[in-house]
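A.B. asks: Structure file work.cif (mmCIF, C-alpha atoms and all ligand atoms) right here:
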data_query
loop_
_atom_site.label_atom_id
_atom_site.label_comp_id
_atom_site.auth_asym_id
_atom_site.auth_seq_id
_atom_site.Cartn_x
_atom_site.Cartn_y
_atom_site.Cartn_z
CA MET A 488 77.22 52.14 29.72
CA SER A 489 76.28 48.49 29.94
CA PHE A 490 79.84 47.15 29.67
CA GLU A 491 81.10 45.31 32.77
CA PRO A 492 84.61 43.82 32.92
CA GLN A 493 84.53 40.03 33.16
CA LYS A 494 85.28 38.21 36.40
CA ILE A 495 88.65 36.49 36.27
CA ASN A 496 87.29 33.19 37.58
CA GLY A 497 90.63 31.38 37.28
CA LYS A 498 91.19 32.48 33.67
CA PHE A 499 93.23 35.60 33.04
CA LYS A 500 94.01 35.27 29.33
CA GLY A 501 92.72 38.19 27.28
CA LYS A 502 90.82 39.75 30.20
CA ASP A 503 90.72 43.46 30.98
CA ILE A 504 91.89 44.44 34.47
CA ILE A 505 89.70 47.35 35.53
CA SER A 506 88.63 46.72 39.14
CA LEU A 507 89.42 44.57 42.15
CA ASP A 508 85.78 43.47 41.91
CA GLN A 509 86.82 41.09 39.12
CA PHE A 510 89.00 39.04 41.47
CA SER A 511 88.34 36.24 43.94
CA PRO A 512 90.84 35.05 46.57
CA LYS A 513 91.52 32.07 44.30
CA ASP A 514 92.47 34.35 41.39
CA ILE A 515 94.77 36.32 43.66
CA ALA A 516 96.39 33.09 44.88
CA ILE A 517 97.08 32.07 41.24
CA LEU A 518 98.66 35.46 40.60
CA PHE A 519 100.85 35.36 43.72
CA LYS A 520 102.06 31.83 42.97
CA LEU A 521 103.35 33.06 39.62
CA THR A 522 104.67 36.24 41.25
CA LYS A 523 107.13 34.10 43.25
CA LYS A 524 108.47 32.61 40.01
CA MET A 525 108.75 36.07 38.48
CA LYS A 526 110.76 37.23 41.46
CA LYS A 527 113.30 34.51 40.68
CA ILE A 528 113.45 35.51 37.01
CA ALA A 529 114.08 39.13 37.94
CA TYR A 530 116.39 38.34 40.84
CA ASN A 531 118.64 35.93 38.98
CA ALA A 532 118.69 38.22 35.94
CA ARG A 533 117.87 35.16 33.85
CA PRO A 534 116.80 36.22 30.37
CA SER A 535 113.17 35.38 29.79
CA SER A 536 111.27 35.20 26.54
CA ILE A 537 107.79 34.77 28.04
CA LEU A 538 106.60 37.97 26.33
CA ALA A 539 108.90 37.78 23.28
CA GLY A 540 107.13 39.28 20.30
CA LYS A 541 104.57 41.06 22.50
CA ILE A 542 104.16 44.83 22.55
CA VAL A 543 102.40 46.65 25.37
CA THR A 544 101.28 50.27 24.98
CA LEU A 545 101.71 52.38 28.10
CA LEU A 546 99.21 55.23 27.61
CA PHE A 547 99.63 57.63 30.53
CA TYR A 548 97.50 60.78 30.62
CA GLU A 549 98.71 61.47 34.19
CA PRO A 550 102.19 61.59 35.74
CA SER A 551 103.62 58.34 37.08
CA SER A 552 106.93 56.98 38.33
CA ARG A 553 106.34 53.54 39.83
CA THR A 554 103.38 52.36 37.80
CA PHE A 555 104.85 53.46 34.48
CA GLY A 556 108.37 52.38 35.41
CA SER A 557 107.40 48.98 36.76
CA PHE A 558 105.04 48.13 33.88
CA GLY A 559 107.83 49.04 31.45
CA ALA A 560 110.42 47.06 33.40
CA SER A 561 108.03 44.08 33.71
CA VAL A 562 107.47 43.84 29.97
CA LYS A 563 111.21 44.12 29.32
CA GLN A 564 112.12 41.60 32.05
CA LEU A 565 109.96 39.12 30.12
CA GLY A 566 111.45 39.89 26.72
CA GLY A 567 108.61 42.06 25.38
CA GLN A 568 108.60 45.67 24.25
CA THR A 569 106.60 48.79 25.03
CA VAL A 570 105.18 51.74 23.11
CA ASP A 571 105.42 54.60 25.59
CA ILE A 572 102.84 57.36 25.21
CA LEU A 573 103.40 59.76 28.07
CA ASN A 574 101.29 62.86 28.31
CA PRO A 575 99.25 62.21 25.16
CA GLN A 576 97.40 65.50 25.72
CA VAL A 577 100.62 67.20 24.57
CA PHE A 578 102.56 64.70 22.49
CA SER A 579 99.90 62.77 20.59
CA SER A 580 96.93 63.56 18.36
CA VAL A 581 94.89 63.97 21.55
CA SER A 582 96.32 67.52 21.49
CA LYS A 583 94.55 67.97 18.12
CA GLY A 584 91.27 66.86 19.62
CA GLU A 585 91.37 63.10 19.01
CA SER A 586 88.90 61.24 21.23
CA LEU A 587 89.78 58.58 23.80
CA GLU A 588 87.89 56.02 21.72
CA ASP A 589 89.87 56.75 18.55
CA THR A 590 93.12 56.77 20.53
CA ILE A 591 92.36 53.32 21.94
CA ARG A 592 91.41 51.91 18.51
CA VAL A 593 94.69 53.17 17.08
CA PHE A 594 96.97 51.81 19.80
CA GLU A 595 95.23 48.45 19.89
CA ALA A 596 96.31 48.07 16.26
CA TYR A 597 99.94 48.44 17.34
CA SER A 598 100.03 46.34 20.48
CA ASP A 599 98.90 43.26 22.42
CA ALA A 600 97.66 45.15 25.49
CA ILE A 601 97.11 48.74 26.58
CA VAL A 602 97.90 49.99 30.07
CA ILE A 603 96.04 53.24 30.66
CA ARG A 604 96.20 55.93 33.36
CA HIS A 605 93.71 58.78 33.12
CA PRO A 606 92.49 61.62 35.37
CA VAL A 607 88.80 60.75 35.01
CA ALA A 608 87.22 57.89 37.01
CA GLY A 609 85.56 55.35 34.74
CA THR A 610 87.85 55.97 31.76
CA ALA A 611 89.56 52.57 31.93
CA LYS A 612 86.14 50.96 31.65
CA ILE A 613 85.29 53.07 28.61
CA ALA A 614 88.65 52.10 27.09
CA ALA A 615 87.89 48.41 27.74
CA ALA A 616 84.44 48.76 26.17
CA THR A 617 86.07 50.40 23.14
CA ALA A 618 89.00 48.03 22.56
CA LYS A 619 87.93 45.15 20.33
CA HIS A 620 91.10 43.10 20.17
CA VAL A 621 93.35 43.70 23.17
CA PRO A 622 93.00 43.73 26.95
CA ILE A 623 93.01 47.04 28.82
CA ILE A 624 94.74 47.38 32.18
CA ASN A 625 93.67 50.18 34.50
CA ALA A 626 96.79 51.92 35.86
CA GLY A 627 94.69 54.43 37.82
CA ASP A 628 91.50 56.20 36.71
CA GLY A 629 91.06 59.48 38.57
CA ILE A 630 89.70 58.89 42.04
CA GLY A 631 88.30 55.52 40.92
CA GLU A 632 90.56 52.52 41.24
CA HIS A 633 94.16 51.38 40.90
CA PRO A 634 93.85 47.59 40.83
CA THR A 635 97.47 46.66 40.10
CA GLN A 636 98.61 48.80 43.06
CA THR A 637 96.29 46.80 45.29
CA LEU A 638 97.60 43.51 43.94
CA LEU A 639 101.13 44.55 44.90
CA ASP A 640 99.90 45.87 48.26
CA LEU A 641 98.13 42.58 49.04
CA CYS A 642 101.21 40.66 47.91
CA THR A 643 103.34 42.70 50.32
CA ILE A 644 100.91 42.20 53.22
CA GLU A 645 100.72 38.46 52.60
CA GLU A 646 104.50 38.19 52.33
CA LYS A 647 104.95 39.92 55.69
CA ASP A 648 101.89 38.73 57.61
CA GLY A 649 101.50 35.31 56.04
CA LYS A 650 97.76 35.83 55.50
CA LEU A 651 95.17 38.19 54.05
CA ASP A 652 92.35 37.55 56.51
CA ASN A 653 91.88 38.38 60.20
CA LEU A 654 93.95 41.54 59.73
CA THR A 655 93.77 44.87 61.49
CA GLY A 656 94.94 47.77 59.36
CA VAL A 657 95.08 51.54 59.55
CA MET A 658 94.53 53.73 56.47
CA VAL A 659 95.42 57.38 56.67
CA GLY A 660 95.30 60.45 54.45
CA ASP A 661 93.10 61.30 51.49
CA LEU A 662 90.50 58.56 51.72
CA LEU A 663 88.02 60.56 49.66
CA ASN A 664 90.17 60.89 46.54
CA GLY A 665 92.78 58.17 46.91
CA ARG A 666 92.22 55.46 44.31
CA THR A 667 94.80 53.17 45.94
CA VAL A 668 92.68 53.23 49.11
CA HIS A 669 89.50 52.50 47.18
CA SER A 670 90.99 49.46 45.48
CA LEU A 671 92.70 48.18 48.62
CA LEU A 672 89.46 48.30 50.63
CA ARG A 673 87.80 46.28 47.87
CA GLY A 674 90.72 43.84 47.97
CA LEU A 675 90.62 43.42 51.75
CA SER A 676 86.88 42.85 51.62
CA LEU A 677 87.47 39.65 49.62
CA TYR A 678 88.89 38.01 52.75
CA LYS A 679 87.26 37.21 56.06
CA ASN A 680 87.35 39.24 59.21
CA ASN A 681 89.44 42.25 58.17
CA THR A 682 89.13 45.50 60.12
CA VAL A 683 90.44 48.85 58.92
CA TYR A 684 90.73 52.02 61.03
CA LEU A 685 90.27 55.12 58.88
CA LEU A 686 91.98 58.39 59.75
CA SER A 687 91.75 61.51 57.60
CA PRO A 688 90.99 65.22 57.77
CA ASN A 689 87.23 65.69 57.99
CA GLU A 690 87.03 66.98 54.41
CA LEU A 691 88.86 63.93 53.05
CA LYS A 692 86.91 61.14 54.71
CA LEU A 693 85.82 58.16 52.66
CA SER A 694 82.58 59.20 50.94
CA LYS A 695 79.35 57.91 52.50
CA GLU A 696 78.67 55.81 49.39
CA ASP A 697 82.13 54.24 49.47
CA HIS A 698 81.85 53.63 53.22
CA GLN A 699 78.56 51.82 52.71
CA LYS A 700 79.74 49.95 49.65
CA PHE A 701 82.95 48.63 51.21
CA SER A 702 81.23 47.78 54.50
CA SER A 703 78.59 45.83 52.62
CA LEU A 704 81.35 43.94 50.81
CA GLY A 705 82.52 42.69 54.19
CA VAL A 706 85.42 44.77 55.51
CA LYS A 707 84.81 46.32 58.94
CA LEU A 708 85.52 50.06 58.88
CA ILE A 709 86.13 52.17 61.99
CA GLU A 710 86.58 55.92 61.64
CA ILE A 711 88.93 57.58 64.11
CA GLU A 712 89.61 61.28 64.64
CA SER A 713 93.18 61.37 65.89
CA ASP A 714 96.39 59.35 65.66
CA LYS A 715 95.95 58.84 69.41
CA ASN A 716 93.15 56.42 68.49
CA ILE A 717 95.30 54.24 66.25
CA PRO A 718 95.12 50.74 67.74
CA LYS A 719 98.39 49.31 69.04
CA ASN A 720 100.07 46.51 67.10
CA ALA A 721 98.03 46.73 63.90
CA ASP A 722 99.17 44.41 61.12
CA PHE A 723 99.72 47.24 58.65
CA TRP A 724 99.63 51.00 58.32
CA TYR A 725 98.77 52.38 54.89
CA TRP A 726 99.60 56.05 54.70
CA THR A 727 98.67 58.16 51.64
CA ARG A 728 99.25 61.72 50.45
CA VAL A 729 96.57 64.35 50.04
CA GLN A 730 95.71 64.22 46.32
CA LYS A 731 96.59 67.82 45.46
CA GLU A 732 95.51 67.49 41.82
CA ARG A 733 91.95 66.55 42.85
CA LEU A 734 91.37 69.51 45.19
CA LYS A 735 89.71 72.76 44.23
CA SER A 736 92.64 75.05 45.04
CA LEU A 737 96.21 75.20 46.21
CA GLU A 738 95.05 76.93 49.42
CA ASN A 739 92.66 74.06 50.03
CA TYR A 740 95.56 71.61 49.61
CA GLU A 741 97.88 73.60 51.88
CA SER A 742 95.24 73.62 54.61
CA LEU A 743 94.71 69.84 54.43
CA LYS A 744 98.15 68.36 53.78
CA ASN A 745 100.27 66.59 56.37
CA LYS A 746 97.73 66.58 59.18
CA PHE A 747 98.90 63.09 60.11
CA ILE A 748 102.56 62.16 59.93
CA VAL A 749 104.42 58.94 60.67
CA THR A 750 107.04 60.04 63.21
CA LYS A 751 109.45 58.03 65.32
CA ASP A 752 107.33 58.89 68.32
CA LEU A 753 104.14 57.56 66.71
CA VAL A 754 105.88 54.36 65.61
CA GLU A 755 107.26 53.84 69.12
CA LYS A 756 103.85 54.44 70.70
CA LYS A 757 101.56 52.56 68.32
CA ALA A 758 103.38 50.16 66.02
CA GLY A 759 104.06 46.61 67.08
CA LYS A 760 107.10 44.50 66.27
CA LYS A 761 105.33 43.16 63.20
CA THR A 762 103.37 46.22 62.05
CA ILE A 763 104.39 46.97 58.47
CA ILE A 764 104.44 50.59 57.35
CA MET A 765 103.18 51.03 53.80
CA HIS A 766 102.67 53.93 51.38
CA PRO A 767 101.86 53.72 47.66
CA LEU A 768 104.20 56.72 47.13
CA PRO A 769 104.87 59.45 46.25
CA ARG A 770 105.17 60.65 49.83
CA VAL A 771 105.28 64.38 50.28
CA GLY A 772 105.98 64.79 53.95
CA GLU A 773 103.67 62.12 55.43
CA ILE A 774 106.49 59.88 56.63
CA ASP A 775 109.54 61.20 58.44
CA PRO A 776 112.60 59.85 56.53
CA VAL A 777 114.10 58.65 59.85
CA ILE A 778 111.61 55.77 59.56
CA ASP A 779 113.02 54.62 56.20
CA ASP A 780 115.62 52.29 57.71
CA ASP A 781 113.19 50.73 60.19
CA PRO A 782 112.78 47.08 59.11
CA ARG A 783 109.00 47.53 59.35
CA ALA A 784 109.04 50.23 56.65
CA VAL A 785 108.30 48.55 53.32
CA TYR A 786 107.31 51.51 51.13
CA LEU A 787 110.72 51.93 49.51
CA SER A 788 111.65 48.26 49.50
CA ALA A 789 109.26 45.27 49.35
CA GLN A 790 106.29 47.32 48.16
CA VAL A 791 108.21 48.88 45.26
CA ARG A 792 109.85 45.60 44.23
CA ASN A 793 106.63 43.61 44.45
CA GLY A 794 105.14 46.15 42.04
CA MET A 795 107.36 44.79 39.30
CA TYR A 796 107.02 41.10 40.20
CA VAL A 797 103.22 41.24 40.44
CA ARG A 798 102.93 43.12 37.14
CA MET A 799 105.25 40.59 35.46
CA ALA A 800 102.96 37.79 36.66
CA LEU A 801 99.80 39.64 35.66
CA LEU A 802 101.06 40.42 32.14
CA SER A 803 102.17 36.83 31.67
CA LEU A 804 98.75 35.53 32.74
CA ILE A 805 96.84 38.02 30.59
CA LEU A 806 98.98 37.69 27.47
CA LYS A 807 100.00 34.04 27.65
CA GLY A 808 97.48 32.47 29.99
CA SER A 809 100.10 31.10 32.39
C1 LIG A 901 99.39 56.43 43.49
C2 LIG A 901 98.47 56.87 42.38
O1 LIG A 901 98.91 57.35 41.34
O2 LIG A 901 97.28 56.70 42.60
N1 LIG A 901 100.71 56.22 43.13
C3 LIG A 901 101.08 55.04 42.59
O3 LIG A 901 100.61 54.62 41.56
N2 LIG A 901 101.99 54.34 43.26
C4 LIG A 901 99.26 57.23 44.71
C5 LIG A 901 99.35 58.71 44.62
O4 LIG A 901 99.58 59.28 43.56
O5 LIG A 901 99.19 59.30 45.68
#
Is it possible to give me this structure as structure tokens?

C.D. replies:
Amino acid sequence: MSFEPQKINGKFKGKDIISLDQFSPKDIAILFKLTKKMKKIAYNARPSSILAGKIVTLLFYEPSSRTFGSFGASVKQLGGQTVDILNPQVFSSVSKGESLEDTIRVFEAYSDAIVIRHPVAGTAKIAAATAKHVPIINAGDGIGEHPTQTLLDLCTIEEKDGKLDNLTGVMVGDLLNGRTVHSLLRGLSLYKNNTVYLLSPNELKLSKEDHQKFSSLGVKLIEIESDKNIPKNADFWYWTRVQKERLKSLENYESLKNKFIVTKDLVEKKAGKKTIIMHPLPRVGEIDPVIDDDPRAVYLSAQVRNGMYVRMALLSLILKGS
């Protein structure tokens, strides 16, 4: 397929959001400036009509809580409306054999943008190549990318660390299949001098191709074998779950899950006063709930909230241009 999503290059209006590759640090700065305004709109419960008259289709072929919930809330915070198509394989004409292409052409007739989540990597790009009139936003395509998750992750890191360069991070879990990891490594590579320590079961290491690709983009990657090798006082920890739905069997999943867990002991030994503890969620045992009230834990607070503010800003920029 020859279609490539356009670079943002300071102009968001009408653009598809498929990959972090489309962004520059300047684009991200524009987004985060507006995100601060959106936070005020949401926080003060001031009615907004920024998206009045706009309809966004949320087309989710895979389960979702935060991405679906926050996109829906974002549209509504800004006075717009959504068409919610959850599980189209069961509840739409997809169950009768309708193709992705036809599905996209239909929902673009009803709405001003389509947010799509799909189990197959590359599908968001196909949807963007198919849609003739409306922008497509990738809400997670298989093991590919999850760009809006990365935008909220970067927003959270910048909020807490005050910068997005010269960072030392630790990424743990399913680095082979985790799309949030793949997008975040792309995102971190846009800034200078970032180093990420990678910790995963052997079978779930970042693929060789991804390792090479991200390294060549500029982020320094260091593989470690044990949580004993986590550097002290990193700027952030980014824990992820083993992606059960991408593995070949339940036994395979059971043998790989929860090899590395954030415990009080690990936090005491390795985290610094300013290390933030992140997780895209859902967590399924990777973080001991005793950590939840630690002020450094942001996975159930800042990270979740920023998801809505960043998506409000992104939708406003894509649909209104400001
Ligand atoms: C992630 C996803 O769906 O990729 N969740 C999310 O959107 N916050 C992470 C995951 O499912 O593990």

A.B. asks: Return as a ChimeraX atom specification every polymer residue, whether protein, DNA or RNA, with at least one atom no more than 9 Å from an atom of ligand LIG 901 (chain A); count only C-alpha atoms and all ligand atoms.

C.D. replies: /A:549-555,604,626-630,632-633,635-636,661,665-668,727-731,766-770,791,794

A.B. asks: Take the residues from that selection and put them in a file with C-alpha atoms, as a CSV table (one decimal), in the frame of the given file.

C.D. replies:
chain,number,residue,atom,x,y,z
A,549,GLU,CA,98.7,61.5,34.2
A,550,PRO,CA,102.2,61.6,35.7
A,551,SER,CA,103.6,58.3,37.1
A,552,SER,CA,106.9,57.0,38.3
A,553,ARG,CA,106.3,53.5,39.8
A,554,THR,CA,103.4,52.4,37.8
A,555,PHE,CA,104.8,53.5,34.5
A,604,ARG,CA,96.2,55.9,33.4
A,626,ALA,CA,96.8,51.9,35.9
A,627,GLY,CA,94.7,54.4,37.8
A,628,ASP,CA,91.5,56.2,36.7
A,629,GLY,CA,91.1,59.5,38.6
A,630,ILE,CA,89.7,58.9,42.0
A,632,GLU,CA,90.6,52.5,41.2
A,633,HIS,CA,94.2,51.4,40.9
A,635,THR,CA,97.5,46.7,40.1
A,636,GLN,CA,98.6,48.8,43.1
A,661,ASP,CA,93.1,61.3,51.5
A,665,GLY,CA,92.8,58.2,46.9
A,666,ARG,CA,92.2,55.5,44.3
A,667,THR,CA,94.8,53.2,45.9
A,668,VAL,CA,92.7,53.2,49.1
A,727,THR,CA,98.7,58.2,51.6
A,728,ARG,CA,99.2,61.7,50.4
A,729,VAL,CA,96.6,64.4,50.0
A,730,GLN,CA,95.7,64.2,46.3
A,731,LYS,CA,96.6,67.8,45.5
A,766,HIS,CA,102.7,53.9,51.4
A,767,PRO,CA,101.9,53.7,47.7
A,768,LEU,CA,104.2,56.7,47.1
A,769,PRO,CA,104.9,59.4,46.2
A,770,ARG,CA,105.2,60.6,49.8
A,791,VAL,CA,108.2,48.9,45.3
A,794,GLY,CA,105.1,46.2,42.0

A.B. asks: Quick check, in Å to one decimal: how far apart do CA of Lys524 (chain A) and CA of Thr762 (chain A) lie?

C.D. replies: 26.4 Å

A.B. asks: For CA of Arg798 (chain A) and CA of Gly501 (chain A), quote the distance in Å rounded to one decimal.

C.D. replies: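 So the two atoms, CA of Arg798 (chain A) and CA of Gly501 (chain A), lie 15.0 Å apart.
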
A.B. asks: Got a sec to check which residues sit within 6 Å of (94.9, 51.4, 55.4), counting all atoms listed in the file, and write them as a list in words?

C.D. replies: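 Applying the cut-off with all atoms listed in the file, one gets Gly656, Val657, Met658, Trp724 and Tyr725 of chain A.
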
A.B. asks: Do you know which residues are at most 10 Å from Leu654 (chain A) counting only C-alpha atoms, after dropping those on the same chain fewer than 2 positions away, and could you put them as a list in words?

C.D. replies: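 Close residues of Leu654 (chain A): Ile644, Asp648, Lys650, Leu651, Asp652, Gly656, Leu675, Tyr678, Lys679, Asn680, Asn681, Thr682, Val683, Ala721, Asp722 and Phe723 of chain A.
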
A.B. asks: For Ile528 (chain A), which of A:Ser694, A:Thr610, A:Gln564, A:Ser598 is the closest residue, counting all atoms listed in the file?

C.D. replies: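 Among A:Ser694, A:Thr610, A:Gln564, A:Ser598, it is A:Gln564 that comes nearest to Ile528 (chain A).
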
A.B. asks: With distances taken over only C-alpha atoms, which residue among A:Phe747, A:Phe558, A:Tyr684, A:Tyr740 lies nearest Arg792 (chain A)?

C.D. replies: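 Between A:Phe747, A:Phe558, A:Tyr684, A:Tyr740, the residue approaching Arg792 (chain A) most closely is A:Phe558.
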